[in-house]
$ cat upload17.txt   # compact mmCIF, C-alpha atoms
# COMPACT_ATOMS: atom_id res chain seq x y z
CA MET K 57 0.00 0.00 0.00
CA GLY K 58 1.42 3.37 -1.03
CA LEU K 59 1.71 6.30 1.35
CA LEU K 60 -1.22 8.18 -0.21
CA ALA K 61 -3.45 5.09 -0.12
CA TYR K 62 -2.49 4.59 3.55
CA LEU K 63 -3.30 8.18 4.45
CA LYS K 64 -6.74 7.88 2.84
CA THR K 65 -7.65 5.17 5.37
CA GLN K 66 -6.75 7.26 8.42
CA PHE K 67 -9.51 8.33 10.78
CA VAL K 68 -7.97 11.74 11.48
CA LEU K 69 -8.08 12.67 7.79
CA HIS K 70 -11.70 11.51 7.60
CA LEU K 71 -12.51 13.82 10.51
CA LEU K 72 -10.76 16.75 8.82
CA ILE K 73 -12.68 16.15 5.58
CA GLY K 74 -15.88 15.88 7.59
CA PHE K 75 -15.05 19.11 9.40
CA VAL K 76 -14.50 20.98 6.13
CA PHE K 77 -17.72 19.53 4.68
CA VAL K 78 -19.87 20.30 7.72
CA VAL K 79 -18.58 23.78 8.55
CA SER K 80 -18.44 24.95 4.93
CA GLY K 81 -21.95 23.57 4.50
CA LEU K 82 -23.22 25.49 7.52
CA VAL K 83 -21.59 28.68 6.24
CA ILE K 84 -23.18 28.13 2.82
CA ASN K 85 -26.59 27.43 4.39
CA PHE K 86 -26.31 30.66 6.40
CA ILE K 87 -25.39 32.66 3.29
CA GLN K 88 -28.28 31.07 1.41
CA LEU K 89 -30.66 31.91 4.22
CA CYS K 90 -29.53 35.55 4.33
CA THR K 91 -28.99 36.30 0.66
CA LEU K 92 -30.47 33.38 -1.33
CA VAL K 93 -27.14 33.08 -3.18
CA LEU K 94 -26.94 29.55 -4.60
CA TRP K 95 -23.76 27.71 -3.65
CA PRO K 96 -23.49 24.14 -4.99
CA LEU K 97 -22.53 22.11 -1.89
CA ASN K 98 -22.73 19.02 -4.12
CA LYS K 99 -19.22 19.91 -5.32
CA GLN K 100 -17.79 18.69 -1.99
CA LEU K 101 -19.15 15.18 -2.53
CA VAL K 102 -18.18 15.11 -6.21
CA MET K 103 -14.63 16.01 -5.16
CA LEU K 104 -14.47 12.86 -3.03
CA LEU K 105 -15.43 10.67 -5.98
CA GLU K 106 -13.28 12.39 -8.60
CA TRP K 107 -10.13 13.43 -6.76
CA TRP K 108 -10.02 11.50 -3.47
CA SER K 109 -10.98 8.01 -4.63
CA CYS K 110 -10.12 8.72 -8.30
CA THR K 111 -13.14 6.69 -9.40
CA GLN K 112 -13.34 6.46 -13.20
CA CYS K 113 -16.64 7.15 -14.98
CA THR K 114 -16.97 5.92 -18.57
CA LEU K 115 -19.88 6.73 -20.87
CA PHE K 116 -21.00 4.38 -23.65
CA ALA K 117 -22.83 6.35 -26.33
CA ASP K 118 -22.55 7.66 -29.88
CA GLN K 119 -20.62 10.83 -30.67
CA ALA K 120 -23.75 12.80 -31.60
CA THR K 121 -25.19 12.19 -28.12
CA ILE K 122 -21.93 13.13 -26.40
CA ASP K 123 -21.77 16.38 -28.38
CA ARG K 124 -25.19 17.46 -27.04
CA LEU K 125 -24.46 16.88 -23.35
CA GLY K 126 -24.61 20.08 -21.34
CA LYS K 127 -25.96 22.04 -24.30
CA GLU K 128 -29.70 21.49 -23.84
CA HIS K 129 -32.34 21.09 -21.15
CA ALA K 130 -32.88 17.40 -20.44
CA ILE K 131 -34.60 14.86 -18.22
CA ILE K 132 -32.17 12.19 -16.99
CA ILE K 133 -33.50 8.73 -16.05
CA LEU K 134 -31.06 6.79 -13.88
CA ASN K 135 -31.37 3.31 -12.37
CA HIS K 136 -31.31 3.16 -8.57
CA ASN K 137 -29.26 0.07 -7.68
CA PHE K 138 -26.21 1.45 -5.86
CA GLU K 139 -25.41 3.56 -2.81
CA ILE K 140 -23.43 6.08 -4.87
CA ASP K 141 -25.51 6.17 -8.07
CA PHE K 142 -26.54 9.74 -7.19
CA LEU K 143 -22.87 10.67 -6.88
CA CYS K 144 -22.08 9.27 -10.33
CA GLY K 145 -24.98 11.30 -11.69
CA TRP K 146 -23.63 14.48 -10.08
CA THR K 147 -20.17 13.71 -11.44
CA MET K 148 -21.50 13.62 -14.98
CA CYS K 149 -23.37 16.88 -14.31
CA GLU K 150 -20.11 18.46 -13.15
CA ARG K 151 -18.06 17.22 -16.11
CA PHE K 152 -20.54 18.72 -18.56
CA GLY K 153 -20.92 21.97 -16.64
CA VAL K 154 -24.47 21.63 -15.31
CA LEU K 155 -23.94 20.59 -11.67
CA GLY K 156 -25.10 23.97 -10.39
CA SER K 157 -28.28 23.75 -12.44
CA SER K 158 -29.02 20.06 -11.92
CA LYS K 159 -32.36 19.29 -10.25
CA VAL K 160 -33.91 16.12 -8.91
CA LEU K 161 -37.27 14.80 -7.73
CA ALA K 162 -36.34 13.90 -4.14
CA LYS K 163 -38.16 12.39 -1.20
CA ARG K 164 -39.28 15.01 1.31
CA GLU K 165 -37.48 13.26 4.19
CA LEU K 166 -34.19 14.55 2.75
CA LEU K 167 -35.20 18.07 3.77
CA CYS K 168 -34.42 16.98 7.34
CA VAL K 169 -30.88 15.86 6.47
CA PRO K 170 -28.48 18.55 7.70
CA LEU K 171 -26.50 20.47 5.07
CA ILE K 172 -27.54 18.51 1.98
CA GLY K 173 -31.29 18.80 2.53
CA TRP K 174 -31.04 22.43 3.57
CA THR K 175 -28.90 23.29 0.57
CA TRP K 176 -31.27 21.53 -1.81
CA TYR K 177 -34.16 23.60 -0.45
CA PHE K 178 -32.49 26.74 -1.83
CA LEU K 179 -31.53 25.04 -5.11
CA GLU K 180 -35.13 24.62 -6.30
CA ILE K 181 -35.09 20.85 -5.84
CA VAL K 182 -38.58 19.35 -6.20
CA PHE K 183 -39.53 17.43 -3.04
CA CYS K 184 -42.36 14.91 -2.73
CA LYS K 185 -43.89 12.67 -0.06
CA ARG K 186 -44.29 9.85 -2.62
CA LYS K 187 -48.07 9.87 -2.15
CA TRP K 188 -49.39 11.16 -5.44
CA GLU K 189 -52.67 12.50 -4.05
CA GLU K 190 -50.68 14.78 -1.74
CA ASP K 191 -47.78 15.42 -4.11
CA ARG K 192 -49.60 16.38 -7.31
CA ASP K 193 -49.89 20.14 -6.73
CA THR K 194 -46.45 20.47 -5.11
CA VAL K 195 -44.65 18.56 -7.88
CA ILE K 196 -46.46 20.39 -10.69
CA ALA K 197 -45.70 23.78 -9.10
CA GLY K 198 -42.02 22.84 -8.67
CA LEU K 199 -41.72 21.65 -12.26
CA LYS K 200 -43.41 24.74 -13.66
CA ARG K 201 -40.85 26.90 -11.86
CA LEU K 202 -38.20 25.14 -13.96
CA ALA K 203 -39.98 25.76 -17.25
CA ASP K 204 -38.13 29.05 -17.87
CA TYR K 205 -34.85 28.11 -16.19
CA PRO K 206 -32.18 30.47 -17.61
CA GLU K 207 -29.29 27.96 -17.78
CA TYR K 208 -29.09 24.50 -19.31
CA MET K 209 -30.77 22.28 -16.72
CA TRP K 210 -30.75 18.53 -16.11
CA PHE K 211 -33.69 17.10 -14.17
CA LEU K 212 -32.71 13.73 -12.64
CA LEU K 213 -35.42 11.11 -12.13
CA TYR K 214 -35.17 7.81 -10.30
CA CYS K 215 -38.36 6.30 -11.67
CA GLU K 216 -38.10 3.22 -9.46
CA GLY K 217 -38.72 5.50 -6.48
CA THR K 218 -36.39 3.65 -4.12
CA ARG K 219 -33.19 1.64 -4.23
CA PHE K 220 -33.23 -1.94 -5.46
CA THR K 221 -33.31 -4.70 -2.84
CA GLU K 222 -34.34 -8.32 -3.27
CA LYS K 223 -37.34 -7.85 -0.98
CA LYS K 224 -38.58 -4.78 -2.83
CA HIS K 225 -37.94 -6.49 -6.17
CA ARG K 226 -40.05 -9.48 -5.19
CA VAL K 227 -42.98 -7.27 -4.16
CA SER K 228 -42.54 -5.11 -7.26
CA MET K 229 -42.71 -8.09 -9.60
CA GLU K 230 -45.89 -9.28 -7.88
CA VAL K 231 -47.41 -5.92 -8.77
CA ALA K 232 -46.09 -6.20 -12.33
CA ALA K 233 -47.71 -9.62 -12.72
CA SER K 234 -51.03 -8.29 -11.39
CA LYS K 235 -50.94 -5.53 -14.03
CA GLY K 236 -49.97 -7.84 -16.86
CA LEU K 237 -46.53 -6.25 -17.26
CA LEU K 238 -43.42 -8.16 -18.24
CA PRO K 239 -41.12 -8.96 -15.29
CA LEU K 240 -37.85 -7.13 -14.73
CA LYS K 241 -34.75 -8.90 -13.48
CA HIS K 242 -32.47 -6.01 -12.52
CA HIS K 243 -34.91 -3.16 -11.81
CA LEU K 244 -38.01 -2.37 -9.82
CA LEU K 245 -41.23 -1.55 -11.60
CA PRO K 246 -40.96 2.15 -12.57
CA ARG K 247 -43.37 4.59 -10.99
CA THR K 248 -44.89 6.41 -13.92
CA LYS K 249 -46.65 9.41 -12.33
CA GLY K 250 -43.52 11.45 -11.72
CA PHE K 251 -42.22 10.74 -15.20
CA THR K 252 -45.40 11.57 -17.09
CA THR K 253 -45.94 14.72 -15.03
CA ALA K 254 -42.35 15.89 -15.64
CA VAL K 255 -42.74 15.32 -19.37
CA GLN K 256 -46.05 17.20 -19.46
CA CYS K 257 -44.81 20.17 -17.41
CA LEU K 258 -41.42 20.50 -19.13
CA ARG K 259 -42.56 19.87 -22.69
CA GLY K 260 -41.45 22.90 -24.68
CA THR K 261 -38.49 23.43 -22.33
CA VAL K 262 -36.73 20.07 -22.28
CA ALA K 263 -35.28 18.93 -25.60
CA ALA K 264 -34.63 15.28 -24.81
CA ILE K 265 -34.69 12.44 -22.34
CA TYR K 266 -31.37 10.78 -21.55
CA ASP K 267 -31.60 7.22 -20.31
CA VAL K 268 -28.60 6.24 -18.16
CA THR K 269 -27.99 2.64 -17.14
CA LEU K 270 -25.23 2.39 -14.52
CA ASN K 271 -23.10 -0.55 -13.42
CA PHE K 272 -19.66 -1.10 -11.89
CA ARG K 273 -16.84 -3.24 -13.22
CA GLY K 274 -15.83 -6.35 -11.34
CA ASN K 275 -19.33 -6.78 -9.91
CA LYS K 276 -18.44 -4.18 -7.27
CA ASN K 277 -21.06 -2.69 -4.96
CA PRO K 278 -19.49 0.64 -3.97
CA SER K 279 -20.40 2.72 -0.94
CA LEU K 280 -19.84 6.29 0.18
CA LEU K 281 -17.79 4.94 3.09
CA GLY K 282 -15.57 3.13 0.57
CA ILE K 283 -15.15 6.42 -1.33
CA LEU K 284 -14.11 8.11 1.93
CA TYR K 285 -11.49 5.39 2.43
CA GLY K 286 -10.13 6.19 -1.03
CA LYS K 287 -11.30 3.03 -2.78
CA LYS K 288 -11.21 3.41 -6.55
CA TYR K 289 -14.18 2.12 -8.54
CA GLU K 290 -14.85 1.97 -12.27
CA ALA K 291 -18.34 3.09 -13.21
CA ASP K 292 -19.79 2.38 -16.65
CA MET K 293 -22.85 4.24 -17.92
CA CYS K 294 -24.81 3.36 -21.04
CA LEU K 295 -26.28 6.62 -22.33
CA ARG K 296 -29.13 6.89 -24.84
CA ARG K 297 -30.85 10.07 -26.06
CA PHE K 298 -34.55 10.24 -26.94
CA PRO K 299 -35.92 13.51 -28.42
CA LEU K 300 -38.88 14.62 -26.34
CA GLU K 301 -41.17 14.66 -29.37
CA GLU K 302 -40.84 10.85 -29.45
CA ILE K 303 -42.56 10.61 -26.06
CA PRO K 304 -46.35 10.28 -26.43
CA GLN K 305 -48.39 13.19 -25.13
CA ASP K 306 -51.12 10.90 -23.83
CA GLU K 307 -50.39 9.99 -20.19
CA LYS K 308 -51.17 6.27 -20.54
CA GLU K 309 -49.09 5.97 -23.70
CA ALA K 310 -46.22 7.82 -22.04
CA ALA K 311 -46.43 5.37 -19.11
CA GLN K 312 -46.28 2.46 -21.55
CA TRP K 313 -43.23 4.07 -23.17
CA LEU K 314 -41.51 4.18 -19.77
CA HIS K 315 -42.28 0.51 -19.08
CA LYS K 316 -40.79 -0.38 -22.47
CA LEU K 317 -37.72 1.70 -21.64
CA TYR K 318 -37.17 -0.29 -18.46
CA GLN K 319 -37.44 -3.54 -20.39
CA GLU K 320 -34.59 -2.23 -22.56
CA LYS K 321 -32.61 -1.13 -19.49
CA ASP K 322 -33.03 -4.63 -18.07
CA ALA K 323 -31.67 -6.15 -21.27
CA LEU K 324 -28.69 -3.76 -21.13
CA GLN K 325 -27.92 -4.82 -17.56
CA GLU K 326 -28.14 -8.48 -18.55
CA MET K 327 -25.74 -7.83 -21.43
CA TYR K 328 -23.34 -6.07 -19.08
CA ASN K 329 -23.41 -8.96 -16.61
CA GLU K 330 -22.59 -11.40 -19.42
CA LYS K 331 -20.00 -9.37 -21.36
CA GLY K 332 -18.73 -6.85 -18.84
CA VAL K 333 -19.33 -3.96 -21.23
CA PHE K 334 -22.19 -1.86 -22.56
CA PRO K 335 -22.83 -1.35 -26.28
CA GLY K 336 -21.56 1.84 -27.88
CA GLU K 337 -18.30 3.74 -28.05
CA PRO K 338 -16.59 4.39 -24.69
CA PHE K 339 -16.00 8.03 -23.70
CA ARG K 340 -14.25 9.17 -20.54
CA PRO K 341 -15.04 12.85 -19.95
CA ALA K 342 -12.11 14.71 -18.42
CA ARG K 343 -12.24 15.86 -14.82
CA ARG K 344 -12.59 19.58 -14.34
CA PRO K 345 -10.56 21.25 -11.55
CA TRP K 346 -13.42 23.23 -9.98
CA THR K 347 -14.54 20.68 -7.38
CA LEU K 348 -10.96 20.24 -6.16
CA LEU K 349 -10.34 24.00 -6.06
CA ASN K 350 -13.62 24.49 -4.20
CA PHE K 351 -12.57 21.97 -1.54
CA LEU K 352 -9.04 23.38 -1.24
CA PHE K 353 -10.46 26.87 -0.75
CA TRP K 354 -12.69 25.76 2.13
CA ALA K 355 -9.93 23.58 3.61
CA THR K 356 -7.55 26.56 3.63
CA VAL K 357 -10.11 28.89 5.17
CA LEU K 358 -11.29 26.45 7.85
CA LEU K 359 -8.38 24.19 8.79
CA SER K 360 -5.91 26.95 9.70
CA PRO K 361 -8.03 28.31 12.56
CA LEU K 362 -8.95 24.74 13.55
CA PHE K 363 -5.30 23.74 13.98
CA SER K 364 -4.63 26.93 15.96
CA PHE K 365 -7.60 26.16 18.20
CA VAL K 366 -6.50 22.54 18.80
CA LEU K 367 -2.97 23.62 19.70
CA GLY K 368 -4.42 26.16 22.12
CA VAL K 369 -6.62 23.52 23.76
CA PHE K 370 -3.73 21.12 24.43
CA ALA K 371 -1.32 23.93 25.33
CA SER K 372 -3.75 25.10 28.03
CA GLY K 373 -3.15 21.92 30.02
CA SER K 374 -6.75 22.02 31.28
CA PRO K 375 -8.12 18.45 31.65
CA LEU K 376 -11.70 19.73 31.44
CA LEU K 377 -11.04 21.65 28.23
CA ILE K 378 -9.18 18.72 26.66
CA LEU K 379 -11.90 16.22 27.61
CA THR K 380 -14.58 18.56 26.29
CA PHE K 381 -12.72 18.86 23.00
CA LEU K 382 -12.29 15.09 22.71
CA GLY K 383 -16.00 14.68 23.41
CA PHE K 384 -16.74 17.13 20.61
CA VAL K 385 -14.49 15.14 18.27
CA GLY K 386 -16.38 11.97 19.15
CA ALA K 387 -19.73 13.66 18.53
CA ALA K 388 -18.48 15.05 15.21
CA SER K 389 -17.32 11.59 14.16
CA PHE K 390 -20.73 10.16 15.02
CA GLY K 391 -22.47 12.94 13.09
CA VAL K 392 -20.38 12.41 9.95
CA ARG K 393 -21.02 8.67 10.11
CA ARG K 394 -24.77 9.31 10.40
CA LEU K 395 -24.64 11.54 7.31
CA ILE K 396 -22.88 8.77 5.40
CA GLY K 397 -25.51 6.31 6.67
CA VAL K 398 -28.22 8.17 4.74
CA THR K 399 -26.84 6.63 1.53
CA GLU K 400 -26.68 3.02 2.78
CA ILE K 401 -29.12 0.67 1.06
CA GLU K 402 -29.93 -1.35 4.17
CA LYS K 403 -30.90 1.88 5.94
CA GLY K 404 -33.04 3.08 3.07
CA SER K 405 -36.73 3.81 3.31
CA SER K 406 -39.38 1.11 3.47
CA TYR K 407 -40.98 2.70 0.44
CA GLY K 408 -41.67 -0.12 -1.96
CA ASN K 409 -42.14 -2.78 0.68
CA GLN K 410 -45.67 -1.54 1.32
CA GLU K 411 -46.27 1.11 -1.33
CA PHE K 412 -45.72 -1.22 -4.28
CA LYS K 413 -48.72 -3.17 -3.09
CA LYS K 414 -50.94 -0.18 -3.72
CA LYS K 415 -52.04 1.14 -7.05
CA GLU K 416 -50.06 4.02 -8.44
$ encode --input "upload17.txt" --output "structure tokens"
Amino acid sequence: MGLLAYLKTQFVLHLLIGFVFVVSGLVINFIQLCTLVLWPLNKQLVMLLEWWSCTQCTLFADQATIDRLGKEHAIIILNHNFEIDFLCGWTMCERFGVLGSSKVLAKRELLCVPLIGWTWYFLEIVFCKRKWEEDRDTVIAGLKRLADYPEYMWFLLYCEGTRFTEKKHRVSMEVAASKGLLPLKHHLLPRTKGFTTAVQCLRGTVAAIYDVTLNFRGNKNPSLLGILYGKKYEADMCLRRFPLEEIPQDEKEAAQWLHKLYQEKDALQEMYNEKGVFPGEPFRPARRPWTLLNFLFWATVLLSPLFSFVLGVFASGSPLLILTFLGFVGAASFGVRRLIGVTEIEKGSSYGNQEFKKKE
């Protein structure tokens, strides 16, 4: 193990990264609250993937599709199988210059997550309770606010509604059978309401739908904790572009189109499992320096006074002060670990276990 790889596994460095993330996030939240200036906190997490773990992200698509990325409004459909699939999505947003204007249909519970949820509130993220009768007006209002968005905007949709688990998959396929739909092997049954509503509200603004099917080489199942430890993963994404005019305007026909899309996504995943590669030409978009520079800026601003404070605490020789500081360090470590736990599949919501049994 090299020196850099060894350092990436050290608890003290994890605490320092957590300190920079938490304090810079609180500062950004305060600025947002006072001035409504939009600061993309997502850059901190993207930095971990791109520069700390050096995870590689490869796109499989045709050149014409690659040339359009970041140059038009789009709806992005991404499978929801991995703990860091959202991070891979943000990384692609960053590499094509739309991270600051990327939006997502997110569960309302994330509003209660410190830093990330608070930041998303100011970034015009569309939140939902995942109960369509209660969500309809809120989702439509949020989407209509994006209809005249001044910059190129990507709206990310996880149509499955929750991360894939064997239990949720079993229940989902029971629902599929009851509706006469073909079974899926690698995905949950897509929830169509959010998709059809997004298409209806953003028609005339969005130029295309990009379907992204994500998998990891070597049958890896990466985690955010693994990223923090500096583990390098290789993510492959099969990217397909569908002009919005190809999507039926009728809601039922659009829902059928989405079900057909997921049949195709399932076939792509099966092909990847057999051959270890997606169809299409591989493209590896270059990393941009902005996420790293953003982190280095906050690290410089925050770590210098932190080190001075720590030296002062231990130089004081006060047992009470030192014990209080160590208690704070322990609490901070616990807090950072809880934030990471939000992404863990086994700690995900029960949505799907019960909700899939109900009609959409």
$ atom_distance --input "upload17.txt" --atom1 "CA of Ala197 (chain K)" --atom2 "CA of Leu82 (chain K)"
28.0 Å
$ atom_distance --input "upload17.txt" --atom1 "CA of Val76 (chain K)" --atom2 "CA of Ile181 (chain K)"
23.8 Å
$ closest_residue --input "upload17.txt" --among "K:Phe251, K:Tyr318, K:Phe116, K:Phe67" --to "Ile303 (chain K)" --atoms "all atoms listed in the file"
K:Phe251
$ residues_near_point --input "upload17.txt" --point "(-20.7, 18.0, -17.5)" --cutoff "10 Å" --atoms "only C-alpha atoms" --output "VMD selection string"
chain K and resid 125 to 127 145 to 155 341 to 344
$ closest_residue --input "upload17.txt" --among "K:Pro375, K:Gly383, K:Lys331, K:Cys113" --to "Met293 (chain K)" --atoms "only C-alpha atoms"
K:Cys113
$ residues_around --input "upload17.txt" --residues "Val255 (chain K)" --least-positions-apart "4" --cutoff "12 Å" --atoms "all atoms listed in the file" --output "PyMOL selection string"
chain K and resi 130-133+196+199-200+203+211+213+248-251+259-265+299-307+310-311+313-314
$ closest_residue --input "upload17.txt" --among "K:Arg124, K:Phe381, K:Ser374, K:His129" --to "Leu362 (chain K)" --atoms "all atoms listed in the file"
K:Phe381
$ atom_distance --input "upload17.txt" --atom1 "CA of Phe138 (chain K)" --atom2 "CA of His242 (chain K)"
11.8 Å
$ residues_near_point --input "upload17.txt" --point "(-10.5, 8.7, -5.1)" --cutoff "12 Å" --atoms "all atoms listed in the file" --output "PDB file with C-alpha atoms, in the coordinates of the input"
ATOM      1  CA  LEU K  60      -1.220   8.180  -0.210  1.00  0.00           C
ATOM      2  CA  ALA K  61      -3.450   5.090  -0.120  1.00  0.00           C
ATOM      3  CA  LEU K  63      -3.300   8.180   4.450  1.00  0.00           C
ATOM      4  CA  LYS K  64      -6.740   7.880   2.840  1.00  0.00           C
ATOM      5  CA  THR K  65      -7.650   5.170   5.370  1.00  0.00           C
ATOM      6  CA  LEU K 101     -19.150  15.180  -2.530  1.00  0.00           C
ATOM      7  CA  VAL K 102     -18.180  15.110  -6.210  1.00  0.00           C
ATOM      8  CA  MET K 103     -14.630  16.010  -5.160  1.00  0.00           C
ATOM      9  CA  LEU K 104     -14.470  12.860  -3.030  1.00  0.00           C
ATOM     10  CA  LEU K 105     -15.430  10.670  -5.980  1.00  0.00           C
ATOM     11  CA  GLU K 106     -13.280  12.390  -8.600  1.00  0.00           C
ATOM     12  CA  TRP K 107     -10.130  13.430  -6.760  1.00  0.00           C
ATOM     13  CA  TRP K 108     -10.020  11.500  -3.470  1.00  0.00           C
ATOM     14  CA  SER K 109     -10.980   8.010  -4.630  1.00  0.00           C
ATOM     15  CA  CYS K 110     -10.120   8.720  -8.300  1.00  0.00           C
ATOM     16  CA  THR K 111     -13.140   6.690  -9.400  1.00  0.00           C
ATOM     17  CA  GLN K 112     -13.340   6.460 -13.200  1.00  0.00           C
ATOM     18  CA  CYS K 113     -16.640   7.150 -14.980  1.00  0.00           C
ATOM     19  CA  LEU K 280     -19.840   6.290   0.180  1.00  0.00           C
ATOM     20  CA  LEU K 281     -17.790   4.940   3.090  1.00  0.00           C
ATOM     21  CA  GLY K 282     -15.570   3.130   0.570  1.00  0.00           C
ATOM     22  CA  ILE K 283     -15.150   6.420  -1.330  1.00  0.00           C
ATOM     23  CA  LEU K 284     -14.110   8.110   1.930  1.00  0.00           C
ATOM     24  CA  TYR K 285     -11.490   5.390   2.430  1.00  0.00           C
ATOM     25  CA  GLY K 286     -10.130   6.190  -1.030  1.00  0.00           C
ATOM     26  CA  LYS K 287     -11.300   3.030  -2.780  1.00  0.00           C
ATOM     27  CA  LYS K 288     -11.210   3.410  -6.550  1.00  0.00           C
ATOM     28  CA  TYR K 289     -14.180   2.120  -8.540  1.00  0.00           C
ATOM     29  CA  GLU K 290     -14.850   1.970 -12.270  1.00  0.00           C
ATOM     30  CA  LEU K 348     -10.960  20.240  -6.160  1.00  0.00           C
TER      31      LEU K 348
END
$ closest_residue --input "upload17.txt" --among "K:Asn329, K:Thr121, K:Leu72, K:Phe390" --to "Phe363 (chain K)" --atoms "all atoms listed in the file"
K:Leu72
$ closest_residue --input "upload17.txt" --among "K:Asp123, K:Asp118, K:Asp141, K:Glu320" --to "Pro239 (chain K)" --atoms "all atoms listed in the file"
K:Glu320
$ build_atoms --input "upload17.txt" --residues "region 293-304 of chain K" --atoms "N, CA and C atoms" --output "CSV table (one decimal), in the coordinates of the input"
chain,number,residue,atom,x,y,z
K,293,MET,N,-21.5,3.7,-17.7
K,293,MET,CA,-22.8,4.2,-17.9
K,293,MET,C,-23.2,4.1,-19.4
K,294,CYS,N,-24.3,3.4,-19.7
K,294,CYS,CA,-24.8,3.4,-21.0
K,294,CYS,C,-25.8,4.5,-21.2
K,295,LEU,N,-25.5,5.4,-22.2
K,295,LEU,CA,-26.3,6.6,-22.3
K,295,LEU,C,-27.0,6.6,-23.7
K,296,ARG,N,-28.3,6.8,-23.6
K,296,ARG,CA,-29.1,6.9,-24.8
K,296,ARG,C,-30.0,8.2,-24.8
K,297,ARG,N,-30.1,8.8,-26.0
K,297,ARG,CA,-30.8,10.1,-26.1
K,297,ARG,C,-32.1,9.8,-26.8
K,298,PHE,N,-33.3,10.3,-26.3
K,298,PHE,CA,-34.6,10.2,-26.9
K,298,PHE,C,-35.1,11.6,-27.1
K,299,PRO,N,-35.3,12.2,-28.3
K,299,PRO,CA,-35.9,13.5,-28.4
K,299,PRO,C,-37.3,13.5,-27.8
K,300,LEU,N,-37.6,14.6,-27.1
K,300,LEU,CA,-38.9,14.6,-26.3
K,300,LEU,C,-40.1,14.4,-27.2
K,301,GLU,N,-40.0,14.8,-28.5
K,301,GLU,CA,-41.2,14.7,-29.4
K,301,GLU,C,-41.5,13.2,-29.6
K,302,GLU,N,-40.6,12.3,-29.3
K,302,GLU,CA,-40.8,10.8,-29.4
K,302,GLU,C,-41.7,10.3,-28.3
K,303,ILE,N,-41.8,11.1,-27.2
K,303,ILE,CA,-42.6,10.6,-26.1
K,303,ILE,C,-44.0,11.0,-26.3
K,304,PRO,N,-44.9,10.0,-26.2
K,304,PRO,CA,-46.4,10.3,-26.4
K,304,PRO,C,-46.9,11.4,-25.5
